[in-house]
Amino acid sequence: MNVLFVSLGCDKNLVDSEEMLGALADRGFVITDDENKADVIVVNTCSFIHDAMDESVQTLLEMSEYKKKGTCKALLVTGCLAQRFKDDILQELPEVDAVFGTNSTDQLLPILDRVLQGERVSEFAPLNGLPRVSSRRMLTTGGHYAYLKIAEGCDKHCTYCVIPSLRGRYRSIPMEELLEKARALVEQGVQELILVAQETTLYGTDLYGKKSLHILLNELCKLEDLVWIRVLYCYPEEIYPELIDTMKMQPKICHYLDLPIQHASDRILKRMGRKTTKDDLVQLIGALRKAMPDIVLRTTLITGFPGETEEDHHEVLDFIDEMEFDRLGVFTYSREDGTPAASMPDQIDEETKAARKDRIMELQQEISLDKGENRVGSVMEVVIEGKVADEDAYIARSYADAPGVDGYVFIENVTADLMSGTFVKVYIKAAMEYDLIGELYDDEDESAE
């Protein structure tokens with residue numbers, strides 16, 4: 001049977017999808033990307049904010065049409081939207097044959113068997129423990145990089161966030177399992193591992209009684225064919241000295257850190273339920289840059305949080321101008337039912353949220369261009385992502401660029417054939433707002449200097 005798999009939302013969701021794809025492939029299902037040929041459709045949904053929820057609902061409506069007029073015999077729904085609206089989906093969409101939760105992904109095959117026997121299934125395991133999918137993951141990232149999810153759930157309970165109710169408490173994946181998964185990925189050709197979780201910095205506290213991300217990183221660095229290790233989703237208040245020292249000392253670990261700070265006004269940070277102050281952030285960023293002068297810092301912000309004043313907004317702008325983050329993304333506040341922030345007074349209108357977001361991104365665009373221009377004349381190691389159609393040019397990423405969220409390095413005037421996943425050196429000759437432009441660099445050719 002042909003199976004179409006649609007994965008929406010974050011890279012943590014993508015790991016779940018790739019594990020389920022592996023289980024389907026092991027059972028002999030044929031994976032297709034053609035909706036018209038699909039006998040089975042599985043949608044892994046997202047429900048983090050309104051935009052993500054709307055995309056998930058629209059995708060379900062589109063896939064439901066193939067139950068009516070296509071070859072589809074079974075439509076299955078999982079992920080955060082399924083966890084959040086389990087009863088509503090079955091009631092509102094009669095075309096859906098099964099809904100299963102975020103902690104039930106290892107039950108895909110038995111659920112599918114029941115559906116194909118004529119059952120309509122609802123399967124939601126308690127949000128404790130971890131689903132165990134024993135099949136080899138089917139990578140969808142091109143093969144040279146992969147995400148390694150090191151924990152599930154979150155204990156932070158930020159006032160705007162629904163994730164703890166959809167994913168449960170923080171549960172670290174045992175280190176021996178992660179190392180086994182990492183070895184299998186490297187054997188498949190993965191050269192860059194990207195560590196993800198709702199929060200990576202707390203890894204190991206529930207299993208080993210202490211923060212153990214630095215221990216995991218040291219073990220991963222022993223994998224011989226692994227070139228880069230990248231760490232995302234590090235809550236700033238949980239970054240600790242051993243982690244910084246490990247990043248500094250281990251050459252395989254990219255000097256790149258993702259710090260979701262969300263705001264810079266102490267008043268708004270407190271309303272958000274965040275555990276840092278602006279001064280804490282200044283001190284941490286200074287310590288990171290002192291330890292690793294070439295470190296690239298990415299952050300995310302929320303604009304238009306309830307009660308945010310123009311003064312608060314300008315405090316964020318001043319902070320960004322002072323800190324000069326290398327990478328920065330902004331979400332407008334999304335009012336999510338069931339969260340404390342949803343019932344707070346002084347909700348901000350959508351127009352104001354959007355205007356504040358635009359002002360932040362205009363400032364960041366200037367900072368990003370300055371950062372890029374500072375790299376002109378340097379030589380960077382990059383990994384090839386693909387070829388530009390009909391041109392002698394390639395798309396690549398440097399250590400400063402996480403896939404899917406950051407910019408690219410465009411390599412011009414390339415006459416050789418380069419495979420995706422190949423590491424090459426590039427002389428940077430120009431910069432755009434978010435991307436760099438360069439040419440292949442030969443160590444023996446001094447003419448580029």
# chains A, B, ... in the order shown; residues from 1 in each chain; ligands from 1
>>> select_by_dssp(residues="range 83-277 of chain A", states="helix (DSSP H, G or I)", output="MDAnalysis selection string")
chainID A and resid 83:84 86:92 105:116 163:167 175:187 205:208 213:220 236:238 241:249 266:272
>>> residues_around(residues="range 125-130 of chain A", least_positions_apart="3", cutoff="6 Å", atoms="only C-alpha atoms", output="number ranges by chain")
A: 103-104, 168
>>> write_last_selection(atoms="all heavy atoms", output="PDB file, in the first residue's frame")
ATOM      1  N   ASN A 103       2.231  10.936  22.586  1.00  0.00           N
ATOM      2  CA  ASN A 103       2.988   9.886  23.255  1.00  0.00           C
ATOM      3  C   ASN A 103       2.572   8.492  22.779  1.00  0.00           C
ATOM      4  O   ASN A 103       2.874   7.487  23.437  1.00  0.00           O
ATOM      5  CB  ASN A 103       2.818   9.989  24.776  1.00  0.00           C
ATOM      6  CG  ASN A 103       4.111   9.716  25.526  1.00  0.00           C
ATOM      7  OD1 ASN A 103       5.189  10.079  25.059  1.00  0.00           O
ATOM      8  ND2 ASN A 103       4.030   9.088  26.687  1.00  0.00           N
ATOM      9  N   SER A 104       1.887   8.461  21.628  1.00  0.00           N
ATOM     10  CA  SER A 104       1.411   7.187  21.075  1.00  0.00           C
ATOM     11  C   SER A 104       1.963   6.923  19.680  1.00  0.00           C
ATOM     12  O   SER A 104       1.429   6.091  18.945  1.00  0.00           O
ATOM     13  CB  SER A 104      -0.126   7.179  21.029  1.00  0.00           C
ATOM     14  OG  SER A 104      -0.678   7.333  22.310  1.00  0.00           O
ATOM     15  N   GLY A 168       3.473  16.901  28.036  1.00  0.00           N
ATOM     16  CA  GLY A 168       3.774  16.361  29.352  1.00  0.00           C
ATOM     17  C   GLY A 168       5.004  16.977  29.990  1.00  0.00           C
ATOM     18  O   GLY A 168       5.582  17.947  29.491  1.00  0.00           O
TER      19      GLY A 168
END
>>> closest_residue(among="A:Met247, A:Val96, A:Ala416, A:Leu317", to="Ala291 in chain A", atoms="only C-alpha atoms")
A:Met247
>>> residues_around(residues="Pro241 in chain A", least_positions_apart="2", cutoff="12 Å", atoms="only C-alpha atoms", output="list in words")
Thr201, Lys211, Ser212, Leu213, His214, Glu237, Glu238, Ile239, Leu243, Ile244, Asp245, Thr246, Met247, Lys248, Leu284, Ala287, Leu288 and Ala291 of chain A
>>> residues_around(residues="Met53 in chain A", least_positions_apart="5", cutoff="12 Å", atoms="only C-alpha atoms", output="PyMOL selection string")
chain A and resi 8-9+44-48+58-60+79-82+84-85+334+336
>>> write_last_selection(atoms="N, CA and C atoms", output="compact mmCIF listing (two decimals), in the first residue's frame")
# COMPACT_ATOMS: atom_id res chain seq x y z
N LEU A 8 4.00 18.50 9.85
CA LEU A 8 3.87 19.95 10.04
C LEU A 8 4.57 20.37 11.33
N GLY A 9 4.88 21.66 11.44
CA GLY A 9 5.41 22.18 12.69
C GLY A 9 6.91 22.07 12.81
N ASN A 44 0.91 14.53 10.70
CA ASN A 44 1.47 14.86 12.02
C ASN A 44 1.33 16.36 12.21
N THR A 45 0.44 16.76 13.09
CA THR A 45 0.00 18.16 13.16
C THR A 45 0.76 18.98 14.19
N CYS A 46 0.57 20.29 14.11
CA CYS A 46 1.15 21.25 15.06
C CYS A 46 0.02 22.11 15.62
N SER A 47 0.19 22.56 16.86
CA SER A 47 -0.84 23.39 17.48
C SER A 47 -0.24 24.43 18.41
N PHE A 48 0.99 24.85 18.12
CA PHE A 48 1.73 25.72 19.03
C PHE A 48 1.11 27.12 19.10
N GLN A 58 -6.26 23.26 7.91
CA GLN A 58 -6.40 23.35 6.46
C GLN A 58 -5.86 22.09 5.78
N THR A 59 -4.73 21.59 6.29
CA THR A 59 -4.16 20.37 5.72
C THR A 59 -5.10 19.19 5.91
N LEU A 60 -5.73 19.08 7.09
CA LEU A 60 -6.68 17.99 7.32
C LEU A 60 -7.87 18.09 6.39
N GLY A 79 0.03 14.11 16.51
CA GLY A 79 0.70 15.37 16.79
C GLY A 79 -0.06 16.24 17.77
N CYS A 80 0.38 17.48 17.90
CA CYS A 80 -0.12 18.38 18.94
C CYS A 80 -1.59 18.76 18.75
N LEU A 81 -2.02 18.97 17.50
CA LEU A 81 -3.43 19.30 17.27
C LEU A 81 -4.31 18.12 17.68
N ALA A 82 -3.86 16.91 17.35
CA ALA A 82 -4.62 15.71 17.74
C ALA A 82 -4.70 15.61 19.26
N ARG A 84 -4.55 18.00 21.40
CA ARG A 84 -5.30 19.12 21.97
C ARG A 84 -6.79 19.05 21.66
N PHE A 85 -7.14 18.54 20.48
CA PHE A 85 -8.54 18.54 20.06
C PHE A 85 -8.99 17.14 19.64
N SER A 334 0.29 34.95 20.37
CA SER A 334 -0.88 34.17 19.98
C SER A 334 -1.66 33.81 21.25
N GLU A 336 -3.70 31.73 23.33
CA GLU A 336 -4.05 30.32 23.31
C GLU A 336 -4.95 29.97 24.49
>>> closest_atom_pairs(of="range 120-146 of chain A", to="range 394-409 of chain A", cutoff="12 Å", atoms="only C-alpha atoms", output="JSON lines")
{"residue": "A:Thr141", "atom": "CA", "partner": "A:Pro403", "partner_atom": "CA", "distance": 9.3}
{"residue": "A:Gly142", "atom": "CA", "partner": "A:Pro403", "partner_atom": "CA", "distance": 11.2}
{"residue": "A:His144", "atom": "CA", "partner": "A:Pro403", "partner_atom": "CA", "distance": 11.3}
{"residue": "A:Tyr145", "atom": "CA", "partner": "A:Pro403", "partner_atom": "CA", "distance": 8.9}
{"residue": "A:Ala146", "atom": "CA", "partner": "A:Pro403", "partner_atom": "CA", "distance": 9.9}
>>> write_last_selection(atoms="all heavy atoms", output="PDB file, in the first residue's frame")
ATOM      1  N   THR A 141      15.637  14.886   5.471  1.00  0.00           N
ATOM      2  CA  THR A 141      16.396  16.136   5.448  1.00  0.00           C
ATOM      3  C   THR A 141      17.487  16.157   4.376  1.00  0.00           C
ATOM      4  O   THR A 141      18.275  17.102   4.330  1.00  0.00           O
ATOM      5  CB  THR A 141      17.048  16.366   6.821  1.00  0.00           C
ATOM      6  OG1 THR A 141      17.793  15.197   7.176  1.00  0.00           O
ATOM      7  CG2 THR A 141      16.002  16.636   7.883  1.00  0.00           C
ATOM      8  N   GLY A 142      17.551  15.144   3.556  1.00  0.00           N
ATOM      9  CA  GLY A 142      18.588  15.080   2.532  1.00  0.00           C
ATOM     10  C   GLY A 142      19.705  14.129   2.883  1.00  0.00           C
ATOM     11  O   GLY A 142      20.527  13.784   2.038  1.00  0.00           O
ATOM     12  N   HIS A 144      22.452  14.372   4.923  1.00  0.00           N
ATOM     13  CA  HIS A 144      23.729  14.798   5.504  1.00  0.00           C
ATOM     14  C   HIS A 144      23.570  15.486   6.856  1.00  0.00           C
ATOM     15  O   HIS A 144      24.550  15.690   7.557  1.00  0.00           O
ATOM     16  CB  HIS A 144      24.503  15.705   4.530  1.00  0.00           C
ATOM     17  CG  HIS A 144      23.754  16.932   4.108  1.00  0.00           C
ATOM     18  ND1 HIS A 144      22.773  16.898   3.150  1.00  0.00           N
ATOM     19  CD2 HIS A 144      23.846  18.220   4.506  1.00  0.00           C
ATOM     20  CE1 HIS A 144      22.285  18.124   2.978  1.00  0.00           C
ATOM     21  NE2 HIS A 144      22.919  18.933   3.793  1.00  0.00           N
ATOM     22  N   TYR A 145      22.338  15.857   7.218  1.00  0.00           N
ATOM     23  CA  TYR A 145      22.110  16.345   8.578  1.00  0.00           C
ATOM     24  C   TYR A 145      20.815  15.715   9.107  1.00  0.00           C
ATOM     25  O   TYR A 145      19.943  15.298   8.352  1.00  0.00           O
ATOM     26  CB  TYR A 145      22.039  17.877   8.644  1.00  0.00           C
ATOM     27  CG  TYR A 145      20.791  18.503   8.073  1.00  0.00           C
ATOM     28  CD1 TYR A 145      19.667  18.709   8.875  1.00  0.00           C
ATOM     29  CD2 TYR A 145      20.748  18.929   6.744  1.00  0.00           C
ATOM     30  CE1 TYR A 145      18.527  19.304   8.357  1.00  0.00           C
ATOM     31  CE2 TYR A 145      19.604  19.514   6.229  1.00  0.00           C
ATOM     32  CZ  TYR A 145      18.498  19.702   7.028  1.00  0.00           C
ATOM     33  OH  TYR A 145      17.368  20.280   6.526  1.00  0.00           O
ATOM     34  N   ALA A 146      20.734  15.642  10.429  1.00  0.00           N
ATOM     35  CA  ALA A 146      19.546  15.076  11.056  1.00  0.00           C
ATOM     36  C   ALA A 146      19.372  15.688  12.435  1.00  0.00           C
ATOM     37  O   ALA A 146      20.335  16.106  13.082  1.00  0.00           O
ATOM     38  CB  ALA A 146      19.662  13.553  11.174  1.00  0.00           C
TER      39      ALA A 146
END
>>> select_by_dssp(residues="range 116-290 of chain A", states="strand (DSSP E)", output="list of chain:residue names")
A:Val121, A:Ser122, A:Glu123, A:Tyr145, A:Ala146, A:Tyr147, A:Leu148, A:Lys149, A:Ala151, A:Glu152, A:Arg171, A:Ser172, A:Glu192, A:Leu193, A:Ile194, A:Leu195, A:Val196, A:Trp228, A:Ile229, A:Arg230, A:Val231, A:Ile253, A:Cys254, A:His255, A:Tyr256, A:Leu257, A:Asp258
>>> residues_around(residues="Asp155 in chain A", least_positions_apart="2", cutoff="9 Å", atoms="only C-alpha atoms", output="short mmCIF file (atom, residue, chain, number, x, y, z; two decimals) with all heavy atoms, in the first residue's frame")
data_model
loop_
_atom_site.label_atom_id
_atom_site.label_comp_id
_atom_site.auth_asym_id
_atom_site.auth_seq_id
_atom_site.Cartn_x
_atom_site.Cartn_y
_atom_site.Cartn_z
N GLY A 153 8.69 16.83 26.27
CA GLY A 153 7.96 17.56 27.28
C GLY A 153 8.68 18.79 27.81
O GLY A 153 9.80 19.11 27.40
N HIS A 157 6.30 25.91 31.97
CA HIS A 157 4.98 26.52 32.17
C HIS A 157 5.00 28.03 31.96
O HIS A 157 4.49 28.79 32.80
CB HIS A 157 4.42 26.17 33.55
CG HIS A 157 4.21 24.70 33.74
ND1 HIS A 157 3.17 24.01 33.14
CD2 HIS A 157 4.93 23.78 34.44
CE1 HIS A 157 3.24 22.73 33.47
NE2 HIS A 157 4.30 22.56 34.25
N CYS A 158 5.59 28.48 30.88
CA CYS A 158 5.48 29.89 30.50
C CYS A 158 3.99 30.21 30.30
O CYS A 158 3.22 29.36 29.84
CB CYS A 158 6.27 30.16 29.22
SG CYS A 158 8.04 29.78 29.37
N PRO A 164 3.35 22.15 27.61
CA PRO A 164 3.31 21.18 28.71
C PRO A 164 2.03 20.36 28.74
O PRO A 164 2.06 19.17 29.10
CB PRO A 164 3.46 22.07 29.95
CG PRO A 164 4.24 23.25 29.47
CD PRO A 164 3.71 23.51 28.09
N GLY A 168 3.47 16.90 28.04
CA GLY A 168 3.77 16.36 29.35
C GLY A 168 5.00 16.98 29.99
O GLY A 168 5.58 17.95 29.49
N ARG A 169 5.39 16.39 31.13
CA ARG A 169 6.55 16.88 31.86
C ARG A 169 7.84 16.54 31.12
O ARG A 169 7.86 15.71 30.21
CB ARG A 169 6.59 16.27 33.27
CG ARG A 169 5.45 16.79 34.17
CD ARG A 169 5.60 16.27 35.59
NE ARG A 169 6.84 16.76 36.19
CZ ARG A 169 6.99 17.95 36.75
NH1 ARG A 169 5.98 18.80 36.78
NH2 ARG A 169 8.14 18.31 37.29
N TYR A 170 8.92 17.17 31.55
CA TYR A 170 10.22 16.96 30.90
C TYR A 170 10.71 15.54 31.16
O TYR A 170 10.79 15.09 32.31
CB TYR A 170 11.23 17.98 31.46
CG TYR A 170 12.51 18.07 30.65
CD1 TYR A 170 12.60 18.95 29.57
CD2 TYR A 170 13.62 17.31 30.95
CE1 TYR A 170 13.75 19.07 28.83
CE2 TYR A 170 14.79 17.41 30.22
CZ TYR A 170 14.85 18.29 29.15
OH TYR A 170 15.99 18.38 28.41
#
